[in-house]
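work-v6.cif, holding mmCIF, C-alpha atoms (C1' of nucleotides):
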data_query
loop_
_atom_site.label_atom_id
_atom_site.label_comp_id
_atom_site.auth_asym_id
_atom_site.auth_seq_id
_atom_site.Cartn_x
_atom_site.Cartn_y
_atom_site.Cartn_z
CA MET A 1096 -25.52 27.71 30.01
CA ILE A 1097 -28.63 27.05 27.93
CA LEU A 1098 -28.27 26.88 24.16
CA SER A 1099 -31.25 26.53 21.89
CA THR A 1100 -32.46 26.29 18.33
CA TYR A 1101 -35.76 27.38 16.85
CA ASN A 1102 -36.81 27.28 13.22
CA ILE A 1103 -39.19 30.20 13.59
CA ASN A 1104 -40.68 30.08 10.06
CA GLY A 1105 -40.91 33.87 9.67
CA VAL A 1106 -39.37 35.93 12.49
CA ASN A 1107 -41.59 38.98 11.99
CA GLY A 1108 -44.77 36.98 11.57
CA ARG A 1109 -44.02 35.14 14.82
CA ILE A 1110 -42.14 37.72 16.87
CA GLU A 1111 -44.69 37.57 19.71
CA ILE A 1112 -44.33 33.78 19.89
CA LEU A 1113 -40.55 34.10 19.94
CA LEU A 1114 -40.63 36.73 22.70
CA LYS A 1115 -43.04 34.66 24.77
CA TRP A 1116 -40.85 31.59 24.49
CA LEU A 1117 -37.65 33.57 25.25
CA LYS A 1118 -39.23 34.84 28.44
CA GLU A 1119 -40.33 31.36 29.43
CA ARG A 1120 -37.14 29.37 28.66
CA SER A 1121 -34.65 32.24 29.05
CA PRO A 1122 -31.92 30.60 26.94
CA ASP A 1123 -28.44 32.16 26.90
CA VAL A 1124 -28.02 31.53 23.18
CA VAL A 1125 -30.62 31.01 20.44
CA CYS A 1126 -30.03 29.88 16.86
CA LEU A 1127 -32.89 30.89 14.59
CA GLN A 1128 -33.63 29.54 11.13
CA GLU A 1129 -36.05 30.58 8.40
CA ILE A 1130 -36.23 34.17 9.59
CA LYS A 1131 -37.62 34.91 6.10
CA CYS A 1132 -36.73 38.58 6.05
CA GLN A 1133 -34.18 40.92 4.57
CA ASP A 1134 -31.41 42.23 6.80
CA LYS A 1135 -33.10 45.62 7.18
CA ASP A 1136 -36.30 44.01 8.46
CA PHE A 1137 -34.82 41.86 11.25
CA PRO A 1138 -36.54 42.75 14.56
CA ALA A 1139 -33.26 43.57 16.34
CA LYS A 1140 -34.78 46.33 18.45
CA LYS A 1141 -37.52 44.15 19.95
CA LEU A 1142 -34.97 41.43 20.71
CA LYS A 1143 -32.59 43.94 22.30
CA GLU A 1144 -35.45 45.11 24.53
CA ALA A 1145 -35.95 41.47 25.49
CA GLY A 1146 -32.29 41.27 26.52
CA TYR A 1147 -30.63 39.74 23.48
CA PHE A 1148 -27.80 40.81 21.24
CA ALA A 1149 -28.22 39.48 17.72
CA ILE A 1150 -26.42 38.82 14.46
CA TRP A 1151 -28.25 37.67 11.34
CA GLN A 1152 -27.94 36.75 7.71
CA GLY A 1153 -31.22 37.61 6.03
CA GLN A 1154 -32.64 37.08 2.58
CA LYS A 1155 -35.82 38.14 0.81
CA SER A 1156 -38.74 35.74 1.31
CA TRP A 1157 -36.84 32.58 2.19
CA ASN A 1158 -34.24 31.02 4.47
CA GLY A 1159 -32.24 33.33 6.73
CA VAL A 1160 -30.44 32.56 10.01
CA ALA A 1161 -29.69 34.47 13.21
CA ILE A 1162 -27.92 34.02 16.52
CA LEU A 1163 -29.23 35.67 19.69
CA SER A 1164 -27.24 35.88 22.90
CA LYS A 1165 -27.57 37.45 26.33
CA THR A 1166 -23.84 38.22 26.20
CA GLU A 1167 -21.74 39.83 23.53
CA ILE A 1168 -21.45 38.12 20.15
CA LYS A 1169 -18.33 38.10 18.03
CA GLU A 1170 -19.24 37.06 14.50
CA THR A 1171 -16.71 34.66 12.97
CA LYS A 1172 -18.40 33.69 9.71
CA ARG A 1173 -21.35 34.62 7.53
CA GLY A 1174 -22.24 32.06 4.90
CA LEU A 1175 -20.88 28.51 4.62
CA PRO A 1176 -17.48 28.39 2.88
CA GLY A 1177 -16.89 26.30 -0.21
CA ASP A 1178 -19.16 27.76 -2.88
CA PRO A 1179 -19.05 31.48 -3.74
CA ALA A 1180 -22.07 30.99 -6.03
CA ASP A 1181 -24.30 29.86 -3.15
CA ASP A 1182 -26.60 32.82 -2.47
CA HIS A 1183 -28.83 31.21 0.17
CA SER A 1184 -28.60 32.57 3.71
CA ARG A 1185 -28.12 29.37 5.66
CA TYR A 1186 -25.09 29.71 7.90
CA ILE A 1187 -23.83 32.17 10.48
CA GLU A 1188 -21.18 31.55 13.10
CA ALA A 1189 -19.99 33.35 16.19
CA PHE A 1190 -17.72 33.23 19.20
CA ILE A 1191 -19.79 33.52 22.38
CA GLY A 1192 -18.65 32.93 25.94
CA GLY A 1193 -15.70 30.72 25.03
CA LEU A 1194 -17.63 28.70 22.47
CA ILE A 1195 -17.84 28.69 18.70
CA ILE A 1196 -21.52 28.49 17.75
CA GLY A 1197 -22.50 27.59 14.19
CA CYS A 1198 -26.14 28.24 13.24
CA ILE A 1199 -27.30 25.96 10.45
CA TYR A 1200 -30.28 25.85 8.11
CA LEU A 1201 -29.56 22.90 5.87
CA PRO A 1202 -31.35 22.73 2.50
CA ASN A 1203 -34.53 20.66 2.41
CA GLY A 1204 -33.56 18.89 -0.84
CA ASN A 1205 -37.00 17.91 -2.12
CA PRO A 1206 -37.95 16.80 -4.63
CA ALA A 1207 -35.34 14.06 -4.64
CA PRO A 1208 -33.60 13.13 -6.79
CA GLY A 1209 -33.02 16.40 -8.65
CA PRO A 1210 -31.06 19.66 -8.54
CA LYS A 1211 -32.36 20.63 -5.09
CA PHE A 1212 -31.23 17.31 -3.70
CA GLU A 1213 -27.81 17.74 -5.33
CA TYR A 1214 -27.57 21.15 -3.67
CA LYS A 1215 -28.42 19.59 -0.31
CA LEU A 1216 -25.72 16.91 -0.64
CA LYS A 1217 -23.17 19.48 -1.77
CA TRP A 1218 -24.08 21.66 1.21
CA LEU A 1219 -23.65 18.71 3.58
CA LYS A 1220 -20.21 18.07 2.06
CA ARG A 1221 -19.23 21.71 2.52
CA LEU A 1222 -20.49 21.62 6.12
CA THR A 1223 -18.47 18.48 6.79
CA ALA A 1224 -15.32 20.12 5.35
CA HIS A 1225 -15.86 23.31 7.36
CA SER A 1226 -16.63 21.37 10.54
CA LYS A 1227 -13.34 19.51 10.16
CA LYS A 1228 -11.58 22.86 10.10
CA LEU A 1229 -13.49 23.98 13.20
CA LEU A 1230 -12.43 20.86 15.08
CA SER A 1231 -8.80 21.56 14.22
CA PHE A 1232 -8.97 24.86 16.16
CA GLY A 1233 -9.31 23.02 19.47
CA ILE A 1234 -12.02 25.39 20.68
CA PRO A 1235 -15.28 24.03 22.16
CA THR A 1236 -17.77 24.19 19.30
CA ILE A 1237 -21.45 23.44 18.76
CA LEU A 1238 -23.15 23.20 15.38
CA ILE A 1239 -26.78 24.01 16.05
CA GLY A 1240 -29.83 24.11 13.87
CA ASP A 1241 -32.29 22.64 11.42
CA TYR A 1242 -30.37 19.91 9.59
CA ASN A 1243 -33.35 18.72 7.53
CA VAL A 1244 -32.02 15.21 8.07
CA ILE A 1245 -33.93 12.45 9.89
CA PRO A 1246 -31.01 10.44 11.28
CA THR A 1247 -32.67 7.06 11.98
CA ASP A 1248 -35.95 5.14 11.96
CA LEU A 1249 -36.42 6.17 15.60
CA ASP A 1250 -36.61 9.80 14.51
CA LEU A 1251 -39.86 9.76 12.55
CA TYR A 1252 -43.39 8.54 13.03
CA ASN A 1253 -43.64 6.49 9.85
CA PRO A 1254 -40.41 5.48 8.05
CA ASP A 1255 -42.29 3.95 5.12
CA ARG A 1256 -43.97 7.25 4.27
CA PHE A 1257 -40.58 8.95 3.92
CA ARG A 1258 -38.58 6.52 1.79
CA ASP A 1259 -38.77 8.89 -1.20
CA ASN A 1260 -38.19 12.05 0.86
CA ALA A 1261 -34.89 13.98 0.74
CA LEU A 1262 -34.88 14.25 4.55
CA PHE A 1263 -34.71 10.49 4.85
CA PHE A 1264 -32.85 9.46 1.68
CA PRO A 1265 -29.95 7.04 2.34
CA GLU A 1266 -27.51 9.64 0.96
CA SER A 1267 -28.75 12.24 3.47
CA LYS A 1268 -28.47 9.87 6.42
CA LYS A 1269 -25.05 8.67 5.25
CA ALA A 1270 -23.74 12.22 4.93
CA TYR A 1271 -25.03 13.07 8.44
CA LYS A 1272 -23.35 9.95 9.81
CA LYS A 1273 -20.11 10.87 8.06
CA LEU A 1274 -20.26 14.31 9.66
CA LEU A 1275 -20.75 12.79 13.13
CA ALA A 1276 -17.90 10.36 12.51
CA LEU A 1277 -15.48 13.32 12.60
CA GLY A 1278 -16.11 13.42 16.35
CA TRP A 1279 -19.37 15.32 16.75
CA THR A 1280 -21.93 14.19 19.33
CA ASP A 1281 -25.68 14.40 18.64
CA ALA A 1282 -26.58 15.90 22.04
CA ILE A 1283 -30.32 15.17 22.16
CA ARG A 1284 -29.92 11.55 21.05
CA THR A 1285 -27.12 11.11 23.59
CA LEU A 1286 -29.37 12.36 26.40
CA TYR A 1287 -32.25 10.15 25.26
CA PRO A 1288 -30.76 7.08 23.52
CA ASP A 1289 -34.00 5.14 23.09
CA GLU A 1290 -36.82 7.67 23.32
CA ILE A 1291 -39.01 8.93 20.54
CA ILE A 1292 -38.18 12.62 20.20
CA TYR A 1293 -39.66 14.90 17.55
CA THR A 1294 -38.84 18.53 16.86
CA PHE A 1295 -41.12 19.15 13.86
CA TYR A 1296 -44.80 18.59 13.17
CA ASP A 1297 -46.32 19.31 9.76
CA TYR A 1298 -49.22 21.78 9.62
CA LEU A 1299 -51.11 19.24 7.53
CA ARG A 1300 -53.26 16.32 8.58
CA ASN A 1301 -53.27 17.28 12.27
CA ALA A 1302 -49.70 16.04 12.59
CA PHE A 1303 -49.17 17.60 16.03
CA GLY A 1304 -52.42 16.19 17.41
CA ARG A 1305 -51.43 12.72 16.20
CA ASN A 1306 -47.81 13.11 17.41
CA ALA A 1307 -46.78 12.44 13.81
CA GLY A 1308 -43.43 14.20 13.98
CA LEU A 1309 -39.85 14.24 12.78
CA ARG A 1310 -36.56 14.91 14.58
CA LEU A 1311 -34.77 17.45 12.39
CA ASP A 1312 -33.20 19.98 14.76
CA HIS A 1313 -29.87 18.90 16.18
CA PHE A 1314 -26.98 20.01 18.39
CA LEU A 1315 -23.59 18.62 17.40
CA LEU A 1316 -21.02 18.93 20.18
CA SER A 1317 -17.26 18.93 19.62
CA PRO A 1318 -15.42 16.15 21.53
CA ASP A 1319 -14.28 18.48 24.35
CA LEU A 1320 -17.94 19.23 25.17
CA SER A 1321 -19.36 15.72 25.22
CA ASP A 1322 -18.77 15.37 28.99
CA LYS A 1323 -20.11 18.91 29.65
CA LEU A 1324 -23.66 18.08 28.56
CA ILE A 1325 -26.06 18.37 31.51
CA ASP A 1326 -29.60 18.36 30.15
CA GLY A 1327 -31.78 19.08 27.16
CA GLY A 1328 -35.21 18.73 25.64
CA VAL A 1329 -37.91 19.85 23.24
CA ASP A 1330 -40.35 22.60 24.23
CA LYS A 1331 -43.13 20.67 22.60
CA HIS A 1332 -45.97 22.69 24.13
CA VAL A 1333 -44.87 25.73 22.12
CA ARG A 1334 -45.92 23.89 18.95
CA GLY A 1335 -49.45 23.94 20.34
CA TRP A 1336 -49.56 27.73 20.70
CA GLN A 1337 -51.90 29.58 18.34
CA GLY A 1338 -49.95 30.58 15.22
CA ALA A 1339 -46.81 28.62 16.15
CA SER A 1340 -44.03 27.55 13.80
CA ASP A 1341 -44.14 23.98 12.52
CA HIS A 1342 -40.85 23.38 14.41
CA CYS A 1343 -40.52 23.26 18.21
CA PRO A 1344 -37.82 25.11 20.11
CA VAL A 1345 -35.12 22.70 21.30
CA TRP A 1346 -32.54 23.38 24.03
CA ILE A 1347 -29.55 21.88 25.80
CA GLU A 1348 -27.72 22.85 28.95
CA ILE A 1349 -23.95 22.57 29.15
CA GLN A 1350 -21.46 23.37 31.87
CA PRO A 1351 -20.12 26.88 31.34
CA THR A 1352 -16.72 27.01 29.65
CA LYS A 1353 -14.00 29.53 30.35
"C1'" DA B 374 -52.86 10.15 -6.53
"C1'" DT B 375 -54.10 14.38 -4.44
"C1'" DG B 376 -54.69 17.72 -0.93
"C1'" DG B 377 -54.65 19.18 3.60
"C1'" DC B 378 -51.56 24.12 6.08
"C1'" DT B 379 -48.74 28.48 6.41
"C1'" DC B 380 -45.20 31.59 5.29
"C1'" DC B 381 -43.62 35.23 2.01
"C1'" DC B 382 -44.04 37.76 -2.27
"C1'" DC B 383 -46.34 43.32 -2.84
"C1'" DT B 384 -50.16 38.95 -4.10
"C1'" DT B 385 -55.26 38.18 -5.16
"C1'" DG B 386 -52.32 32.92 -7.08
"C1'" DG B 387 -47.47 30.93 -6.84
"C1'" DG B 388 -43.24 29.03 -4.76
"C1'" DA B 389 -41.35 26.70 -0.93
"C1'" DG B 390 -41.47 24.16 2.97
"C1'" DA B 391 -40.84 18.77 4.99
#
Kindly transcribe the structure held in the file into structure tokens.
Amino acid sequence: MILSTYNINGVNGRIEILLKWLKERSPDVVCLQEIKCQDKDFPAKKLKEAGYFAIWQGQKSWNGVAILSKTEIKETKRGLPGDPADDHSRYIEAFIGGLIIGCIYLPNGNPAPGPKFEYKLKWLKRLTAHSKKLLSFGIPTILIGDYNVIPTDLDLYNPDRFRDNALFFPESKKAYKKLLALGWTDAIRTLYPDEIIYTFYDYLRNAFGRNAGLRLDHFLLSPDLSDKLIDGGVDKHVRGWQGASDHCPVWIEIQPTK
DNA sequence: ATGGCTCCCCTTGGGAGA
């Protein structure tokens, strides 16, 4: 079973890129972030024609998340619990093929410090609380998406350039670590303990050409899945396609669950 | 120190991204 994440940076603007990649990788499940469209404008029909069911939480102009699946999707949550005043579309969750899949678009948090950074930290706290609840269900669960957190110095091309960046602030890294400490496994880092792996390349300064990247897109596996992980990787070449998102698609393969 | 790039708004420049 192949699960994937792709911050598409505008699902309608890049629908052809998404369809091309879906055909190539043929993932069973896809978590999309930054769909950047209202619910009524989500390209459900085109995705259905490509063989995918979909659920989505849209929003005008910004954010927005979706889950695609070759098999039926049972939505379990729309929006991250813990703050009724939070009107950003950043979390959607579903039960698919014996798994709970959480699709995450964590706030960027820049400029830091400031209100946006406070929102990010609060969101991370809410995610940690909700993830604890998920673990208590005893169902295999994966929290997939764009965490906007660079976990360690190995996960970016130039640590010194990012000391004042919300993605790399000590509080962000600490909160991510605290989340993992509940029992979650960072799948990509587990598969490649020492390798430099990036999932994002800025449009600016020829970042992709210089391999000046960041690792921001993560799969967190519940404890019962840690020994089911088979393979995974970054579809880096997609970042080189004309008109691509600044993120790469990332995928893992796990043994099917029943 | 700044801007570089790209999306979306329903624009003709601004906000946000990371």
Quick one: apply the PyMOL selection byres ((chain B and resi 376-390) around 6) to the file and drop the selected residues here as a VMD selection string. (chain A and resid 1156 1298 to 1300) or (chain B and resid 375 391)
With C-alpha atoms (C1' of nucleotides) retained, write the just-selected residues as a compact mmCIF listing (two decimals), in the frame of the given file.
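File produced: out_37.txt:
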# COMPACT_ATOMS: atom_id res chain seq x y z
CA SER A 1156 -38.74 35.74 1.31
CA TYR A 1298 -49.22 21.78 9.62
CA LEU A 1299 -51.11 19.24 7.53
CA ARG A 1300 -53.26 16.32 8.58
C1' DT B 375 -54.10 14.38 -4.44
C1' DA B 391 -40.84 18.77 4.99
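The residue set within 10 Å of Asp1241 of chain A, counting all atoms listed in the file and dropping same-chain residues fewer than 6 places from it, reads Thr1100, Tyr1101, Asn1102, Cys1126, Leu1127, Gln1128, Glu1129, Arg1185, Cys1198, Ile1199, Tyr1200, Leu1201, Pro1202, Asn1203, Thr1294, Phe1295, Arg1310, Leu1311, Asp1312, His1313, Phe1314 and His1342 of chain A.
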Selection in question (the file shown): the PyMOL selection byres ((chain A) within 12 of (chain B)). Which residues does it include, as an MDAnalysis selection string? chainID A and resid 1102:1109 1129:1133 1154:1158 1202:1206 1211 1241:1245 1251 1256:1257 1259:1263 1295:1302 1308:1311 1338:1342
Would you mind exporting the chosen residues as a short mmCIF file (atom, residue, chain, number, x, y, z; two decimals), in the frame of the given file, restricted to C-alpha atoms?
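That gives us out39.cif:
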data_model
loop_
_atom_site.label_atom_id
_atom_site.label_comp_id
_atom_site.auth_asym_id
_atom_site.auth_seq_id
_atom_site.Cartn_x
_atom_site.Cartn_y
_atom_site.Cartn_z
CA ASN A 1102 -36.81 27.28 13.22
CA ILE A 1103 -39.19 30.20 13.59
CA ASN A 1104 -40.68 30.08 10.06
CA GLY A 1105 -40.91 33.87 9.67
CA VAL A 1106 -39.37 35.93 12.49
CA ASN A 1107 -41.59 38.98 11.99
CA GLY A 1108 -44.77 36.98 11.57
CA ARG A 1109 -44.02 35.14 14.82
CA GLU A 1129 -36.05 30.58 8.40
CA ILE A 1130 -36.23 34.17 9.59
CA LYS A 1131 -37.62 34.91 6.10
CA CYS A 1132 -36.73 38.58 6.05
CA GLN A 1133 -34.18 40.92 4.57
CA GLN A 1154 -32.64 37.08 2.58
CA LYS A 1155 -35.82 38.14 0.81
CA SER A 1156 -38.74 35.74 1.31
CA TRP A 1157 -36.84 32.58 2.19
CA ASN A 1158 -34.24 31.02 4.47
CA PRO A 1202 -31.35 22.73 2.50
CA ASN A 1203 -34.53 20.66 2.41
CA GLY A 1204 -33.56 18.89 -0.84
CA ASN A 1205 -37.00 17.91 -2.12
CA PRO A 1206 -37.95 16.80 -4.63
CA LYS A 1211 -32.36 20.63 -5.09
CA ASP A 1241 -32.29 22.64 11.42
CA TYR A 1242 -30.37 19.91 9.59
CA ASN A 1243 -33.35 18.72 7.53
CA VAL A 1244 -32.02 15.21 8.07
CA ILE A 1245 -33.93 12.45 9.89
CA LEU A 1251 -39.86 9.76 12.55
CA ARG A 1256 -43.97 7.25 4.27
CA PHE A 1257 -40.58 8.95 3.92
CA ASP A 1259 -38.77 8.89 -1.20
CA ASN A 1260 -38.19 12.05 0.86
CA ALA A 1261 -34.89 13.98 0.74
CA LEU A 1262 -34.88 14.25 4.55
CA PHE A 1263 -34.71 10.49 4.85
CA PHE A 1295 -41.12 19.15 13.86
CA TYR A 1296 -44.80 18.59 13.17
CA ASP A 1297 -46.32 19.31 9.76
CA TYR A 1298 -49.22 21.78 9.62
CA LEU A 1299 -51.11 19.24 7.53
CA ARG A 1300 -53.26 16.32 8.58
CA ASN A 1301 -53.27 17.28 12.27
CA ALA A 1302 -49.70 16.04 12.59
CA GLY A 1308 -43.43 14.20 13.98
CA LEU A 1309 -39.85 14.24 12.78
CA ARG A 1310 -36.56 14.91 14.58
CA LEU A 1311 -34.77 17.45 12.39
CA GLY A 1338 -49.95 30.58 15.22
CA ALA A 1339 -46.81 28.62 16.15
CA SER A 1340 -44.03 27.55 13.80
CA ASP A 1341 -44.14 23.98 12.52
CA HIS A 1342 -40.85 23.38 14.41
#
Using only C-alpha atoms: which of A:Ile1187, A:Val1329, A:Ala1139, A:Val1160 has the shortest distance to Lys1172 of chain A: A:Ile1187
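Computed from the coordinates, the atom CA of Cys1343 of chain A to atom CA of Tyr1252 of chain A distance equals 15.9 Å.
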Separation of atom CA of Gly1159 of chain A and atom CA of Phe1190 of chain A, in Å?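 Atom CA of Phe1190 of chain A lies 19.1 Å from atom CA of Gly1159 of chain A.
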Mind filling out segment 1125-1156 of chain A with N, CA and C atoms and sending it as a tab-separated table (two decimals), keeping the file's coordinate frame?
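So the final result, stored in rebuild_20.tsv, reads:
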chain	number	residue	atom	x	y	z
A	1125	VAL	N	-29.57	31.55	21.30
A	1125	VAL	CA	-30.62	31.01	20.44
A	1125	VAL	C	-30.14	31.04	18.99
A	1126	CYS	N	-30.26	29.92	18.30
A	1126	CYS	CA	-30.03	29.88	16.86
A	1126	CYS	C	-31.37	29.83	16.17
A	1127	LEU	N	-31.62	30.82	15.32
A	1127	LEU	CA	-32.89	30.89	14.59
A	1127	LEU	C	-32.68	30.53	13.14
A	1128	GLN	N	-33.66	29.83	12.57
A	1128	GLN	CA	-33.63	29.54	11.13
A	1128	GLN	C	-34.96	29.97	10.50
A	1129	GLU	N	-34.89	30.12	9.19
A	1129	GLU	CA	-36.05	30.58	8.40
A	1129	GLU	C	-36.62	31.88	8.96
A	1130	ILE	N	-35.74	32.86	9.13
A	1130	ILE	CA	-36.23	34.17	9.59
A	1130	ILE	C	-37.05	34.84	8.49
A	1131	LYS	N	-36.81	34.46	7.24
A	1131	LYS	CA	-37.62	34.91	6.10
A	1131	LYS	C	-37.78	36.43	6.02
A	1132	CYS	N	-36.68	37.12	6.23
A	1132	CYS	CA	-36.73	38.58	6.05
A	1132	CYS	C	-35.38	39.09	5.57
A	1133	GLN	N	-35.42	40.26	4.97
A	1133	GLN	CA	-34.18	40.92	4.57
A	1133	GLN	C	-33.49	41.48	5.81
A	1134	ASP	N	-32.19	41.74	5.66
A	1134	ASP	CA	-31.41	42.23	6.80
A	1134	ASP	C	-32.05	43.45	7.46
A	1135	LYS	N	-32.55	44.37	6.64
A	1135	LYS	CA	-33.10	45.62	7.18
A	1135	LYS	C	-34.38	45.40	7.98
A	1136	ASP	N	-35.03	44.26	7.79
A	1136	ASP	CA	-36.30	44.01	8.46
A	1136	ASP	C	-36.19	43.12	9.69
A	1137	PHE	N	-34.97	42.73	10.07
A	1137	PHE	CA	-34.82	41.86	11.25
A	1137	PHE	C	-35.21	42.64	12.52
A	1138	PRO	N	-36.01	42.03	13.39
A	1138	PRO	CA	-36.54	42.75	14.56
A	1138	PRO	C	-35.53	42.89	15.70
A	1139	ALA	N	-34.36	43.47	15.38
A	1139	ALA	CA	-33.26	43.57	16.34
A	1139	ALA	C	-33.65	44.39	17.57
A	1140	LYS	N	-34.44	45.43	17.34
A	1140	LYS	CA	-34.78	46.33	18.45
A	1140	LYS	C	-35.63	45.61	19.50
A	1141	LYS	N	-36.64	44.89	19.02
A	1141	LYS	CA	-37.52	44.15	19.95
A	1141	LYS	C	-36.74	43.10	20.73
A	1142	LEU	N	-35.77	42.47	20.05
A	1142	LEU	CA	-34.97	41.43	20.71
A	1142	LEU	C	-34.00	42.06	21.71
A	1143	LYS	N	-33.49	43.23	21.38
A	1143	LYS	CA	-32.59	43.94	22.30
A	1143	LYS	C	-33.36	44.31	23.58
A	1144	GLU	N	-34.59	44.76	23.39
A	1144	GLU	CA	-35.45	45.11	24.53
A	1144	GLU	C	-35.74	43.88	25.40
A	1145	ALA	N	-35.72	42.71	24.75
A	1145	ALA	CA	-35.95	41.47	25.49
A	1145	ALA	C	-34.66	40.93	26.11
A	1146	GLY	N	-33.54	41.64	25.87
A	1146	GLY	CA	-32.29	41.27	26.52
A	1146	GLY	C	-31.31	40.49	25.67
A	1147	TYR	N	-31.49	40.54	24.36
A	1147	TYR	CA	-30.63	39.74	23.48
A	1147	TYR	C	-29.89	40.57	22.44
A	1148	PHE	N	-28.57	40.36	22.40
A	1148	PHE	CA	-27.80	40.81	21.24
A	1148	PHE	C	-28.14	39.88	20.08
A	1149	ALA	N	-27.90	40.34	18.86
A	1149	ALA	CA	-28.22	39.48	17.72
A	1149	ALA	C	-27.30	39.75	16.54
A	1150	ILE	N	-27.00	38.70	15.79
A	1150	ILE	CA	-26.42	38.82	14.46
A	1150	ILE	C	-27.30	37.99	13.53
A	1151	TRP	N	-27.34	38.39	12.25
A	1151	TRP	CA	-28.25	37.67	11.34
A	1151	TRP	C	-27.76	37.76	9.91
A	1152	GLN	N	-28.18	36.77	9.14
A	1152	GLN	CA	-27.94	36.75	7.71
A	1152	GLN	C	-29.30	36.55	7.04
A	1153	GLY	N	-29.87	37.66	6.59
A	1153	GLY	CA	-31.22	37.61	6.03
A	1153	GLY	C	-31.22	37.39	4.53
A	1154	GLN	N	-32.42	37.30	4.01
A	1154	GLN	CA	-32.64	37.08	2.58
A	1154	GLN	C	-34.11	37.35	2.32
A	1155	LYS	N	-34.42	37.86	1.14
A	1155	LYS	CA	-35.82	38.14	0.81
A	1155	LYS	C	-36.63	36.84	0.75
A	1156	SER	N	-37.73	36.82	1.41
A	1156	SER	CA	-38.74	35.74	1.31
A	1156	SER	C	-38.39	34.40	1.97
